[in-house]
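The next block holds one structure in the form of structure tokens; read it before the comments.
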Amino acid sequence: MRKNANAEAPPRRGLWIPSKQPMRQLSLFENNHLDRITNVSSVAQRSPFRYPGGKTWLVPRIRQWLASLLTRPSEFIEPFAGGGIVSLTVAFEDLANHVKMVEIDEEVAAVWHTIINGDGEWLANKIFTFTLCEASVKAVLSKNSILIQEKAFSTILKNRINRGGILAAGAGMLKSGENGKGLGSRWYPETLKKRILEIKEKRSRITFIEGDGMEVLKANAHRTDMVFFIDPPYTAAGKKAGSRLYNYSEIDHEELFRVVSAIAGDFLMTYDNTEEVRQLAHKHGFDTQTVAMRNTHHAKMTELLIGRNLDWCRREQ
């Protein structure tokens, strides 16, 4: 790891051409640094969400990937943005000229619309002044919000008081919470206000689209000056689990791999490390590499990175 997790050398300049080098995969025994788990406390927390499958742990790899490119991307696209930590990091650390976030979930989209396209200051102040208790929470969540900023507030509230930050129907609220603090154990109004206002200050560098990430990929597949970070809501092997975590968990994984194979620019995909996914990657001639991470229960796991050529992540940092 770098000594300063937020520092990054500027990308090298020149003509960028997608790599045609032979694909290969080295084991973790040959790349011990890939077995090191990122200390997420060393990564700047930008997102207002606590998100199942969040990618804070991957941020150092994102910096490494983008620094390995021969030219600075004109646009960084995340078609399944979710909590948006990767896109926000790229925007805040100026790792691409512009960032485009795409999300189909209308609740999550309401938050990004409000912060990036609407009244982020209203949302920040609403969170900061809200008196959190069981009665006030139930009053908010019982409303069928019409105004987008009100939907954004109820989404953040639900995300913060539900177990695991899960937004899907049927998710239960925290009971004991951290240190017996109950509902308030994940409600940090000052921190949330600060994050939202900081994103608002960077919104000229970010475009948010509420829509189908697959269609955005198809529409931009011809662009050589764009890069794509692709983190679908769950893996081909995790349909049942995905439906418990996300409101929108249906995706055709074979079609996604087919679409990605036609992308002219560079890309990085992340998936659970399963045989089914590895077979899909091999079918399309993609390079794969496992990296260590911890899940929401703090258990050590490996996740699969997929790209055209991942030699950049095998180099010792």
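In the structure tokens, chains take letters A, B, ... by order of appearance, with residues numbered from 1 within each chain and ligands from 1 in the order shown.
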
If you run DSSP on this backbone, which residues of range 90-221 of chain A come out as helix (DSSP H, G or I), and could you give them as an MDAnalysis selection string? chainID A and resid 90:92 106:117 120:129 134:141 148:161 163:165 178:180 182:186 189:201 203:205 213:219

Quick one: everything within 7 Å of range 304-309 of chain A, counting only C-alpha atoms, minus sequence neighbours fewer than 5 positions away in the same chain. Send it as a ChimeraX atom specification. /A:19,23,267-273,286-291

Hey, what's within 7 Å of Lys200 in chain A if we count only C-alpha atoms and toss same-chain stuff fewer than 5 positions away? As a ChimeraX atom specification, please? /A:115-116,120

Could you work out how far CA of Lys193 in chain A lies from CA of Ala124 in chain A, giving the answer in Å with one decimal?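 If I compute the distance from CA of Ala124 in chain A to CA of Lys193 in chain A, I get 4.4 Å.
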
Got a sec: who's within 9 Å of Pro232 in chain A, counting only C-alpha atoms, leaving out chain neighbours fewer than 3 positions off, as a tab-separated table (two decimals) with N, CA and C atoms, in the first residue's frame?
```tsv
chain	number	residue	atom	x	y	z
A	79	PRO	N	-21.81	2.08	-14.29
A	79	PRO	CA	-23.20	1.82	-14.70
A	79	PRO	C	-24.09	1.24	-13.61
A	80	PHE	N	-23.50	0.71	-12.53
A	80	PHE	CA	-24.28	0.19	-11.40
A	80	PHE	C	-23.74	0.87	-10.15
A	81	ALA	N	-24.06	2.15	-9.99
A	81	ALA	CA	-23.37	3.00	-9.03
A	81	ALA	C	-23.64	2.64	-7.58
A	235	THR	N	-23.80	-11.63	-8.03
A	235	THR	CA	-23.21	-12.49	-9.05
A	235	THR	C	-24.22	-13.46	-9.61
A	249	SER	N	-32.27	-6.65	-8.63
A	249	SER	CA	-31.19	-7.63	-8.60
A	249	SER	C	-31.22	-8.57	-9.80
A	251	ILE	N	-30.27	-9.37	-13.46
A	251	ILE	CA	-29.39	-8.95	-14.54
A	251	ILE	C	-28.94	-10.18	-15.31
A	253	HIS	N	-26.22	-11.95	-16.78
A	253	HIS	CA	-24.76	-11.88	-16.66
A	253	HIS	C	-24.07	-12.25	-17.97
A	269	MET	N	-14.03	-4.92	-14.01
A	269	MET	CA	-15.22	-5.53	-13.43
A	269	MET	C	-14.87	-6.19	-12.12
A	270	THR	N	-15.83	-6.23	-11.19
A	270	THR	CA	-15.66	-6.97	-9.94
A	270	THR	C	-16.82	-7.92	-9.75
A	271	TYR	N	-16.50	-9.12	-9.32
A	271	TYR	CA	-17.49	-10.17	-9.10
A	271	TYR	C	-17.06	-11.02	-7.92
```

Among the residues A:Arg186, A:Lys126, A:Lys158, A:Lys202, the one that comes closest to Val99 in chain A [using only C-alpha atoms]: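 Selected residue with least distance to Val99 in chain A: A:Lys202.
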
Nearby residues (only C-alpha atoms) at most 7 Å from Val227 in chain A, same-chain spacing under 5 positions excluded, as a list in words: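 After dropping sequence-adjacent residues, the list is Pro73, Glu75, Phe76, Ile77, Gly265, Asp266 and Phe267 of chain A.
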
Between CA of Glu275 in chain A and CA of Trp65 in chain A, what is the distance in Å, rounded to a tenth? 24.4 Å

May I have the residues within 6 Å of range 106-108 of chain A as a list in words, using only C-alpha atoms and disregarding those fewer than 2 positions away in the same chain?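 These residues fall inside the cut-off: Ala110, Val111 and Thr155 of chain A.
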
With only C-alpha atoms as the basis for distance, which of A:Glu93, A:Asp311, A:Glu121, A:Glu150 is at the shortest distance from Arg195 in chain A?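 Checking each of A:Glu93, A:Asp311, A:Glu121, A:Glu150 against Arg195 in chain A, counting only C-alpha atoms, the winner is A:Glu121.
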
Taking into account only C-alpha atoms, which residue in the set A:Phe49, A:Asn117, A:Glu134, A:Leu95 is nearest to Glu201 in chain A?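 Closest residue, counting only C-alpha atoms: A:Asn117.
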
Residues within 12 Å of Trp112 in chain A, please, as a ChimeraX atom specification. Count only C-alpha atoms; anything in the same chain fewer than 2 positions from it doesn't count. /A:47-49,81-84,87-88,100-110,114-120,123,148-149,151-153,155-156,196,199-200,203,206-210

Under the rule that only C-alpha atoms are counted, which of A:Phe228, A:Glu303, A:Leu256, A:Ala262 is the nearest residue to Leu280 in chain A? A:Leu256
